[in-house]
Structure formats: structure tokens, C-alpha cells
Amino acid sequence: MALRQVRVARRAVLAGGLAVSAVGFAGLPAGAAVRSSAAPSISSTSDWNARDASGSIEVLDSKPTKIIVHHTATPNSDDTSQSHAFELSRQIQDFHMDTNGWSDTGQNFTNSRGGHLMEGRHKSLAALEGGTQHVKGAHAGEQNSVALGIENEGTYTEASVPGSLWDSLVSLCSYMVSQYGIEPGAIYGHRDYMATACPGDVLYARLPELRESVGAALGLAVVQPVSWPLLRPGAQGPNVTALQMLLGARGMSVPVDGVFGEATQQAASRVAVERGASGPSCFASRVAEPGLFGGLAWEGVTPVLGAGAGGEAVRAAQVLLTSRGHYVPVDGVFGERMVSAVREFQVAGGLAASGVVDLVSWQRLVA
């Protein structure tokens, strides 16, 4: 994912005695101390009476490089007891093993609305405490080998996030970052990688705050990521028009009307499946999410374009450039004017002015 604007949370600057000017795009100055985070209370799989895994648990001799936040898409229960949290963990494991056919719980850790933290997949807690290994889960497709997964109890499409859940999420993420040396900016939502609304619009909108809170707790600079947008049925606008042209460039027959209708959804869904950005991947898969397009599925339709290129993919880039104030004719020709417009867009966004529409430039164009 592309990265933008580095800034240090004010509390981190004050606590660490650092001047903002001393922090660059690589984070803290060389030799600066990074505060460690105390381990939060996490109940093990034996504590909540988990079933034995039906197969082997894959423990990788490598550290995870990112954290992926999910919501369980279950009711927003008022029961904040530990017994309720344990029952939630058992329900998730049953669903993952009996319905999804997985060997164990998919995510590494679970966070309840009462703020109770629990180990999800077996051996995840020991690996986290050791800080050198990673338990491969089943929560986010091809990211499983490099990402820790956290399921947060509830549905956050509209409901606010409980304070207890938020505090425990900040605490857990801070500990993970401290143990593994993960960048605070490498905390993502499930939808950043797959075609899903998870972790819900409300919780997803708070991820920048989560990154800042973790950075502040550890005295680390925060680099906020730029993510691919999520398109829902009925969406309209230049992003949809561009997607339709990009699908056309792949030989798919879809109307170019700027409306994310059924024909466009079906074609886009095929791309999502090809990219591994679709399918059951967390507890929220119990909730049908037809017609969504997002995450790494975008990478399946965004080719690198440069001078001399032509066709529908170039027209898509021209539509997006024009919608962002860099007017070019939508003629499908990557000529000198197009090169200049791309360079202007890249300079305005702090990117290298290559004049080539690469993956990072596409991501900025549709963001």
C-alpha cells in the first residue's frame, strides 16, 4: 500500500522530548529509544475451553509485518462479562471449524465488547509473547502469513465502538507493535485487502486514530496508509466509470455508465475471485456481502501505463485524472499531454514524477 503524510502524535512528542522537525519519513531518529508496551491480560485457548485443532497449526519462524482489524458481524451485545466473551470465542471456533472447514479459529486474537482479550488460533499467544514467530491464521487470504488478525465483537457499520473494546484494542495493538517491531501505520482493516465491508464503516473510520494512539503509546512516528476504495452496489462516479473501462480492457463486456450495477458487479466479482480477494475469511463471512469490490482486487485491473500506451485502461486513467483537476482528453492515447498530467498529479501527491501510472499512482487516483 502507498504511504502518505508522516506525523507524530502530540503526546508522543511531548513524552519523548522530541521536536517534530527531528522526525523524518523513516520514523524516529537513529538511536532514539522506543518505549515497550506492557502485555495486556489475554486469556488462552485453554482458559475459554477451546476445542483441539483438527489439523496442525503452522508456526512460522518469521515475524508478522502488519495487523488486520476485523469485526465479528454479530449482535452488539450488552453483556460485557468474561463468560460471554468466552462463549463468543467458542461460537467463532465452531463456525470456523464446522462451517468453513478450517482446522481452528481463523484469527489470532479476539476482543470482546467488554474489553476481554482472548487467544484465537492455538499457539498465537505463545508466539506473541516470544516475539520471534508468527502463527499463520485464516482471516485475510494471502495476508495470513504476514498479518496478525484481531476479531472485534460486534457490528460497526453504524454503531459506535464501546470504550472498553477500544481501549483493549489499543492495548493489544501496542503490545503487538512492541513485540514484533511492526510499524504503527501497518494496522489495516480487512477491507484493505479483500472485498468486504469488514470491519464496518465506523470502526474502519477510526483506524487512523488507532494508529495514532499506538504510535503515541510507544513514542513512534505514524505513517498513515492510502487504501483502495470499497465499491458497493449502486455506487456512482468516476471511480466506477474507470473500473468499467478497466474491466473492458480485460475483455469483459460491461456498460460504461458510471453506475456500479449488476453487470459491473458480476464482472468485478470474477476479478476479486481471481485475485483471492473474495471468499470466507473471517467470522463476518456469515453475513452475505454480494456485489462488493475492493482491496487487492483493484490490483487485478490496474496495469502499469506509460508513454505510447493506448486503449481502455488509458481512458480509465484519463477519467480519473480529469476528475481530480488534471484535465486530459479521454481519448485512450498516452501522449505527451498525458505524461505531463500524470507528472503534475504525482508531484501534487508527493510521489516521484515518473509520468508513469504505476500501482501507487492508481491507488492515489481512486482513493
# chains A, B, ... in the order shown; residues from 1 in each chain; ligands from 1
$ residues_around --residues "Trp362 of chain A" --least-positions-apart "4" --cutoff "8 Å" --atoms "only C-alpha atoms" --output "PyMOL selection string"
chain A and resi 302+317+357-358+366
$ select_by_dssp --residues "segment 95-282 of chain A" --states "helix (DSSP H, G or I)" --output "number ranges by chain"
A: 95-99, 124-130, 141-143, 163-180, 184-186, 190-192, 201-205, 207-218, 238-249, 262-274
$ residues_around --residues "segment 146-155 of chain A" --least-positions-apart "3" --cutoff "6 Å" --atoms "only C-alpha atoms" --output "ChimeraX atom specification"
/A:64-76,107-113,143
$ write_last_selection --atoms "N, CA, C and O atoms" --output "CSV table (one decimal), in the first residue's frame"
chain,number,residue,atom,x,y,z
A,64,PRO,N,5.4,-11.3,12.0
A,64,PRO,CA,4.4,-10.6,11.1
A,64,PRO,C,4.7,-9.2,10.9
A,64,PRO,O,5.4,-8.6,11.8
A,65,THR,N,4.3,-8.6,9.8
A,65,THR,CA,4.7,-7.2,9.5
A,65,THR,C,3.5,-6.3,9.5
A,65,THR,O,3.6,-5.1,9.3
A,66,LYS,N,2.3,-6.8,9.8
A,66,LYS,CA,1.1,-6.0,9.9
A,66,LYS,C,0.0,-6.6,10.8
A,66,LYS,O,0.1,-7.7,11.1
A,67,ILE,N,-0.9,-5.8,11.1
A,67,ILE,CA,-2.1,-6.2,11.9
A,67,ILE,C,-3.3,-5.9,11.1
A,67,ILE,O,-3.5,-4.8,10.5
A,68,ILE,N,-4.3,-6.8,11.1
A,68,ILE,CA,-5.5,-6.6,10.3
A,68,ILE,C,-6.7,-6.7,11.3
A,68,ILE,O,-6.9,-7.7,12.1
A,69,VAL,N,-7.5,-5.6,11.3
A,69,VAL,CA,-8.6,-5.5,12.2
A,69,VAL,C,-9.9,-5.9,11.6
A,69,VAL,O,-10.2,-5.5,10.4
A,70,HIS,N,-10.7,-6.8,12.3
A,70,HIS,CA,-12.0,-7.3,11.8
A,70,HIS,C,-13.1,-6.9,12.8
A,70,HIS,O,-12.8,-6.6,13.9
A,71,HIS,N,-14.3,-7.1,12.4
A,71,HIS,CA,-15.4,-7.1,13.3
A,71,HIS,C,-16.1,-8.5,13.1
A,71,HIS,O,-16.1,-9.0,12.0
A,72,THR,N,-16.8,-9.0,14.1
A,72,THR,CA,-17.4,-10.3,14.0
A,72,THR,C,-18.7,-10.3,13.3
A,72,THR,O,-19.2,-11.4,13.0
A,73,ALA,N,-19.3,-9.1,13.1
A,73,ALA,CA,-20.6,-9.0,12.4
A,73,ALA,C,-21.7,-9.8,13.2
A,73,ALA,O,-22.6,-10.3,12.6
A,74,THR,N,-21.5,-9.8,14.5
A,74,THR,CA,-22.5,-10.4,15.4
A,74,THR,C,-23.3,-9.3,16.1
A,74,THR,O,-22.9,-8.1,16.0
A,75,PRO,N,-24.3,-9.6,16.9
A,75,PRO,CA,-25.1,-8.6,17.6
A,75,PRO,C,-24.2,-7.8,18.5
A,75,PRO,O,-23.2,-8.3,19.1
A,76,ASN,N,-24.5,-6.5,18.7
A,76,ASN,CA,-23.8,-5.6,19.6
A,76,ASN,C,-24.3,-5.9,21.1
A,76,ASN,O,-25.1,-5.1,21.6
A,107,GLN,N,-8.8,-16.3,13.2
A,107,GLN,CA,-8.0,-15.1,13.7
A,107,GLN,C,-7.1,-15.5,14.8
A,107,GLN,O,-7.3,-16.5,15.5
A,108,ASN,N,-6.1,-14.7,15.0
A,108,ASN,CA,-5.1,-14.9,16.1
A,108,ASN,C,-5.6,-14.5,17.5
A,108,ASN,O,-5.4,-15.2,18.5
A,109,PHE,N,-6.4,-13.4,17.5
A,109,PHE,CA,-6.9,-13.0,18.8
A,109,PHE,C,-8.4,-12.4,18.6
A,109,PHE,O,-8.7,-12.0,17.5
A,110,THR,N,-9.1,-12.4,19.7
A,110,THR,CA,-10.5,-12.0,19.7
A,110,THR,C,-10.6,-10.9,20.9
A,110,THR,O,-10.0,-11.1,21.9
A,111,ASN,N,-11.4,-9.9,20.6
A,111,ASN,CA,-11.6,-8.8,21.5
A,111,ASN,C,-13.1,-8.6,21.7
A,111,ASN,O,-13.8,-8.4,20.8
A,112,SER,N,-13.5,-8.7,23.0
A,112,SER,CA,-15.0,-8.6,23.2
A,112,SER,C,-15.4,-7.2,23.5
A,112,SER,O,-14.6,-6.3,23.7
A,113,ARG,N,-16.7,-6.9,23.5
A,113,ARG,CA,-17.3,-5.6,23.7
A,113,ARG,C,-17.0,-5.2,25.2
A,113,ARG,O,-17.0,-4.0,25.5
A,143,GLN,N,-2.8,-12.6,3.0
A,143,GLN,CA,-2.1,-11.9,4.0
A,143,GLN,C,-1.8,-12.7,5.3
A,143,GLN,O,-1.1,-12.3,6.2
$ residues_around --residues "segment 187-203 of chain A" --least-positions-apart "3" --cutoff "7 Å" --atoms "only C-alpha atoms" --output "compact mmCIF listing (two decimals) with all heavy atoms, in the first residue's frame"
# COMPACT_ATOMS: atom_id res chain seq x y z
N LYS A 66 2.30 -6.82 9.82
CA LYS A 66 1.11 -5.97 9.85
C LYS A 66 0.05 -6.58 10.75
O LYS A 66 0.13 -7.75 11.14
CB LYS A 66 0.55 -5.73 8.45
CG LYS A 66 0.10 -7.00 7.75
CD LYS A 66 -0.24 -6.75 6.28
CE LYS A 66 1.01 -6.52 5.44
NZ LYS A 66 0.71 -6.47 3.99
N ILE A 67 -0.94 -5.77 11.08
CA ILE A 67 -2.08 -6.17 11.89
C ILE A 67 -3.34 -5.88 11.08
O ILE A 67 -3.47 -4.80 10.50
CB ILE A 67 -2.13 -5.39 13.22
CG1 ILE A 67 -0.86 -5.65 14.05
CG2 ILE A 67 -3.38 -5.74 14.01
CD1 ILE A 67 -0.69 -4.68 15.20
N ILE A 68 -4.28 -6.82 11.05
CA ILE A 68 -5.54 -6.61 10.34
C ILE A 68 -6.70 -6.69 11.32
O ILE A 68 -6.86 -7.66 12.05
CB ILE A 68 -5.72 -7.64 9.20
CG1 ILE A 68 -4.60 -7.45 8.17
CG2 ILE A 68 -7.08 -7.47 8.54
CD1 ILE A 68 -4.67 -8.39 6.99
N VAL A 69 -7.50 -5.64 11.32
CA VAL A 69 -8.63 -5.48 12.24
C VAL A 69 -9.92 -5.94 11.56
O VAL A 69 -10.21 -5.54 10.43
CB VAL A 69 -8.75 -4.01 12.69
CG1 VAL A 69 -10.00 -3.81 13.56
CG2 VAL A 69 -7.49 -3.59 13.45
N HIS A 70 -10.70 -6.76 12.27
CA HIS A 70 -11.98 -7.27 11.79
C HIS A 70 -13.08 -6.92 12.80
O HIS A 70 -12.79 -6.58 13.95
CB HIS A 70 -11.96 -8.80 11.67
CG HIS A 70 -10.87 -9.36 10.82
ND1 HIS A 70 -11.07 -9.84 9.56
CD2 HIS A 70 -9.54 -9.54 11.07
CE1 HIS A 70 -9.94 -10.29 9.06
NE2 HIS A 70 -8.99 -10.12 9.96
N HIS A 71 -14.34 -7.05 12.36
CA HIS A 71 -15.44 -7.14 13.33
C HIS A 71 -16.14 -8.47 13.10
O HIS A 71 -16.06 -9.05 12.02
CB HIS A 71 -16.39 -5.95 13.24
CG HIS A 71 -17.24 -5.88 11.99
ND1 HIS A 71 -18.20 -4.91 11.81
CD2 HIS A 71 -17.28 -6.63 10.86
CE1 HIS A 71 -18.79 -5.08 10.64
NE2 HIS A 71 -18.25 -6.11 10.04
N ALA A 140 -7.48 -13.46 6.36
CA ALA A 140 -7.38 -12.43 5.32
C ALA A 140 -6.63 -12.92 4.09
O ALA A 140 -5.73 -12.25 3.59
CB ALA A 140 -6.72 -11.17 5.88
N THR A 155 -20.97 -5.41 15.39
CA THR A 155 -21.16 -4.97 14.00
C THR A 155 -21.05 -3.46 13.99
O THR A 155 -21.87 -2.77 14.61
CB THR A 155 -22.53 -5.41 13.47
OG1 THR A 155 -22.63 -6.84 13.55
CG2 THR A 155 -22.72 -4.99 12.02
N TYR A 156 -20.06 -2.93 13.27
CA TYR A 156 -19.77 -1.50 13.33
C TYR A 156 -19.98 -0.80 12.00
O TYR A 156 -19.22 0.07 11.60
CB TYR A 156 -18.35 -1.30 13.89
CG TYR A 156 -18.26 -1.87 15.29
CD1 TYR A 156 -17.62 -3.08 15.53
CD2 TYR A 156 -18.93 -1.25 16.33
CE1 TYR A 156 -17.62 -3.63 16.79
CE2 TYR A 156 -18.93 -1.80 17.60
CZ TYR A 156 -18.28 -2.99 17.83
OH TYR A 156 -18.29 -3.55 19.09
N THR A 157 -21.08 -1.20 11.33
CA THR A 157 -21.48 -0.49 10.12
C THR A 157 -22.07 0.88 10.48
O THR A 157 -21.90 1.84 9.74
CB THR A 157 -22.51 -1.30 9.33
OG1 THR A 157 -23.58 -1.66 10.20
CG2 THR A 157 -21.88 -2.57 8.78
N GLU A 158 -22.76 0.96 11.62
CA GLU A 158 -23.35 2.22 12.07
C GLU A 158 -23.13 2.45 13.57
O GLU A 158 -23.01 3.59 14.01
CB GLU A 158 -24.86 2.23 11.78
CG GLU A 158 -25.20 2.18 10.30
CD GLU A 158 -26.69 2.19 10.05
OE1 GLU A 158 -27.47 2.14 11.05
OE2 GLU A 158 -27.11 2.25 8.89
N ALA A 159 -23.07 1.38 14.34
CA ALA A 159 -22.94 1.51 15.80
C ALA A 159 -21.56 2.02 16.19
O ALA A 159 -20.56 1.76 15.52
CB ALA A 159 -23.20 0.16 16.47
N SER A 160 -21.51 2.77 17.29
CA SER A 160 -20.23 3.27 17.79
C SER A 160 -19.47 2.16 18.49
O SER A 160 -20.03 1.15 18.90
CB SER A 160 -20.47 4.44 18.76
OG SER A 160 -21.26 4.03 19.86
N VAL A 161 -18.17 2.36 18.61
CA VAL A 161 -17.29 1.36 19.23
C VAL A 161 -17.28 1.58 20.74
O VAL A 161 -16.98 2.68 21.21
CB VAL A 161 -15.86 1.48 18.67
CG1 VAL A 161 -14.94 0.46 19.32
CG2 VAL A 161 -15.87 1.32 17.15
N PRO A 184 3.48 1.31 13.38
CA PRO A 184 2.12 1.64 13.80
C PRO A 184 1.19 1.90 12.62
O PRO A 184 -0.02 1.67 12.71
CB PRO A 184 2.30 2.90 14.65
CG PRO A 184 3.72 2.88 15.09
CD PRO A 184 4.48 2.21 13.99
N ARG A 206 -12.09 4.75 12.22
CA ARG A 206 -11.28 5.06 13.40
C ARG A 206 -9.87 4.45 13.34
O ARG A 206 -9.09 4.64 14.27
CB ARG A 206 -12.00 4.60 14.67
CG ARG A 206 -13.28 5.38 14.96
CD ARG A 206 -13.80 5.11 16.35
NE ARG A 206 -12.91 5.64 17.38
CZ ARG A 206 -13.13 5.52 18.69
NH1 ARG A 206 -14.23 4.91 19.12
NH2 ARG A 206 -12.28 6.02 19.57
N LEU A 207 -9.55 3.76 12.26
CA LEU A 207 -8.22 3.16 12.17
C LEU A 207 -7.10 4.21 12.18
O LEU A 207 -6.06 3.97 12.79
CB LEU A 207 -8.12 2.27 10.93
CG LEU A 207 -8.96 0.99 10.97
CD1 LEU A 207 -8.65 0.12 9.76
CD2 LEU A 207 -8.74 0.20 12.26
N ARG A 211 -4.04 3.97 14.86
CA ARG A 211 -2.61 4.04 14.56
C ARG A 211 -1.93 5.13 15.37
O ARG A 211 -0.83 4.95 15.90
CB ARG A 211 -2.42 4.29 13.06
CG ARG A 211 -3.00 3.21 12.17
CD ARG A 211 -2.84 3.54 10.69
NE ARG A 211 -3.61 2.61 9.87
CZ ARG A 211 -4.64 2.97 9.10
NH1 ARG A 211 -5.00 4.25 9.02
NH2 ARG A 211 -5.29 2.06 8.40
N SER A 227 -5.42 3.61 1.03
CA SER A 227 -6.04 2.31 0.77
C SER A 227 -6.94 2.35 -0.46
O SER A 227 -7.43 3.41 -0.87
CB SER A 227 -6.87 1.88 1.98
OG SER A 227 -6.05 1.80 3.13
N TRP A 228 -7.15 1.19 -1.04
CA TRP A 228 -8.08 1.07 -2.15
C TRP A 228 -9.51 1.31 -1.67
O TRP A 228 -9.87 0.88 -0.57
CB TRP A 228 -8.00 -0.32 -2.78
CG TRP A 228 -6.70 -0.67 -3.41
CD1 TRP A 228 -5.75 -1.53 -2.91
CD2 TRP A 228 -6.18 -0.19 -4.65
NE1 TRP A 228 -4.69 -1.62 -3.78
CE2 TRP A 228 -4.92 -0.81 -4.86
CE3 TRP A 228 -6.66 0.69 -5.62
CZ2 TRP A 228 -4.14 -0.56 -5.99
CZ3 TRP A 228 -5.87 0.94 -6.75
CH2 TRP A 228 -4.64 0.31 -6.92
N ALA A 277 -9.32 -12.16 -3.42
CA ALA A 277 -9.86 -11.12 -2.55
C ALA A 277 -11.33 -11.36 -2.23
O ALA A 277 -12.03 -10.46 -1.80
CB ALA A 277 -9.71 -9.75 -3.22
N SER A 278 -11.80 -12.58 -2.44
CA SER A 278 -13.19 -12.90 -2.19
C SER A 278 -13.26 -14.28 -1.54
O SER A 278 -12.37 -15.11 -1.73
CB SER A 278 -13.98 -12.90 -3.50
OG SER A 278 -15.33 -13.22 -3.28
N GLU A 289 -22.36 -10.59 1.60
CA GLU A 289 -21.90 -9.28 1.13
C GLU A 289 -21.75 -9.30 -0.40
O GLU A 289 -20.67 -9.16 -0.94
CB GLU A 289 -20.55 -8.92 1.77
CG GLU A 289 -20.62 -8.73 3.27
CD GLU A 289 -19.28 -8.29 3.85
OE1 GLU A 289 -18.27 -9.00 3.62
OE2 GLU A 289 -19.25 -7.26 4.52
N LEU A 292 -19.72 -6.46 -3.68
CA LEU A 292 -18.68 -5.54 -3.22
C LEU A 292 -17.40 -5.73 -4.04
O LEU A 292 -17.07 -6.82 -4.48
CB LEU A 292 -18.38 -5.78 -1.75
CG LEU A 292 -19.53 -5.59 -0.75
CD1 LEU A 292 -19.03 -5.82 0.67
CD2 LEU A 292 -20.12 -4.19 -0.87
N PHE A 293 -16.69 -4.63 -4.22
CA PHE A 293 -15.40 -4.68 -4.92
C PHE A 293 -14.42 -3.78 -4.19
O PHE A 293 -14.70 -2.60 -3.94
CB PHE A 293 -15.54 -4.21 -6.37
CG PHE A 293 -14.25 -4.31 -7.15
CD1 PHE A 293 -13.85 -5.52 -7.70
CD2 PHE A 293 -13.45 -3.21 -7.33
CE1 PHE A 293 -12.67 -5.63 -8.43
CE2 PHE A 293 -12.26 -3.30 -8.05
CZ PHE A 293 -11.87 -4.51 -8.60
N GLY A 294 -13.28 -4.33 -3.83
CA GLY A 294 -12.29 -3.52 -3.13
C GLY A 294 -11.04 -4.32 -2.82
O GLY A 294 -10.84 -5.43 -3.33
N GLY A 295 -10.20 -3.76 -1.95
CA GLY A 295 -8.98 -4.44 -1.54
C GLY A 295 -8.06 -4.73 -2.70
O GLY A 295 -7.98 -3.97 -3.68
N LEU A 296 -7.38 -5.86 -2.62
CA LEU A 296 -6.38 -6.21 -3.62
C LEU A 296 -6.98 -6.57 -4.97
O LEU A 296 -6.24 -6.73 -5.95
CB LEU A 296 -5.52 -7.37 -3.12
CG LEU A 296 -4.68 -7.08 -1.87
CD1 LEU A 296 -3.80 -8.27 -1.53
CD2 LEU A 296 -3.82 -5.83 -2.07
$ closest_residue --among "A:Pro40, A:Val319, A:Gln133, A:Ala309" --to "Glu336 of chain A" --atoms "only C-alpha atoms"
A:Ala309
$ closest_residue --among "A:Asn100, A:Gln93, A:Ser178, A:Gln346" --to "Ser36 of chain A" --atoms "only C-alpha atoms"
A:Ser178
$ atom_distance --atom1 "atom CA of Ala39 of chain A" --atom2 "atom CA of Tyr175 of chain A"
5.9 Å
$ closest_residue --among "A:Leu117, A:Val259, A:Val328, A:Leu305" --to "Ala341 of chain A" --atoms "only C-alpha atoms"
A:Val328
$ select_by_dssp --residues "segment 60-147 of chain A" --states "strand (DSSP E)" --output "list in words"
Leu60, Lys66, Ile67, Ile68, Val69, His70, His71, Phe109, Thr110, Asn111, Leu117, Met118, Glu119, His134, Val135 and Ala147 of chain A
$ closest_atom_pairs --of "segment 253-344 of chain A" --to "segment 229-242 of chain A" --cutoff "9 Å" --atoms "only C-alpha atoms" --output "CSV"
residue,atom,partner,partner_atom,distance
A:Pro255,CA,A:Thr241,CA,9.0
A:Val256,CA,A:Thr241,CA,5.9
A:Asp257,CA,A:Thr241,CA,6.4
A:Gly258,CA,A:Thr241,CA,4.2
A:Val259,CA,A:Gln236,CA,4.6
A:Phe260,CA,A:Gly234,CA,5.1
A:Gly261,CA,A:Gly234,CA,5.9
A:Glu262,CA,A:Pro233,CA,7.7
A:Thr264,CA,A:Val240,CA,8.8
A:Gln265,CA,A:Pro233,CA,7.3
A:Pro290,CA,A:Pro233,CA,8.3
A:Gly291,CA,A:Pro233,CA,5.7
A:Leu292,CA,A:Arg232,CA,5.0
A:Phe293,CA,A:Leu231,CA,5.1
A:Gly294,CA,A:Leu230,CA,4.5
A:Gly295,CA,A:Leu230,CA,7.1
A:Trp298,CA,A:Pro229,CA,8.8
A:Glu312,CA,A:Ala242,CA,8.9
A:Ala313,CA,A:Ala242,CA,8.0
A:Arg315,CA,A:Ala242,CA,7.7
A:Ala316,CA,A:Ala242,CA,4.3
A:Ala317,CA,A:Ala242,CA,7.0
A:Gln318,CA,A:Ala242,CA,8.6
A:Val319,CA,A:Ala242,CA,6.5
A:Leu320,CA,A:Pro238,CA,6.2
A:Ser323,CA,A:Pro238,CA,6.8
$ closest_residue --among "A:Ser44, A:His326, A:Val333, A:Val223" --to "Ala126 of chain A" --atoms "only C-alpha atoms"
A:Ser44
$ atom_distance --atom1 "atom CA of Glu274 of chain A" --atom2 "atom CA of Gln363 of chain A"
19.3 Å
$ closest_residue --among "A:Gly181, A:Gly335, A:Pro208, A:Gly276" --to "Glu142 of chain A" --atoms "only C-alpha atoms"
A:Gly276
$ closest_residue --among "A:Gln224, A:Ser37, A:Ser354, A:Ser361" --to "Val177 of chain A" --atoms "only C-alpha atoms"
A:Ser37
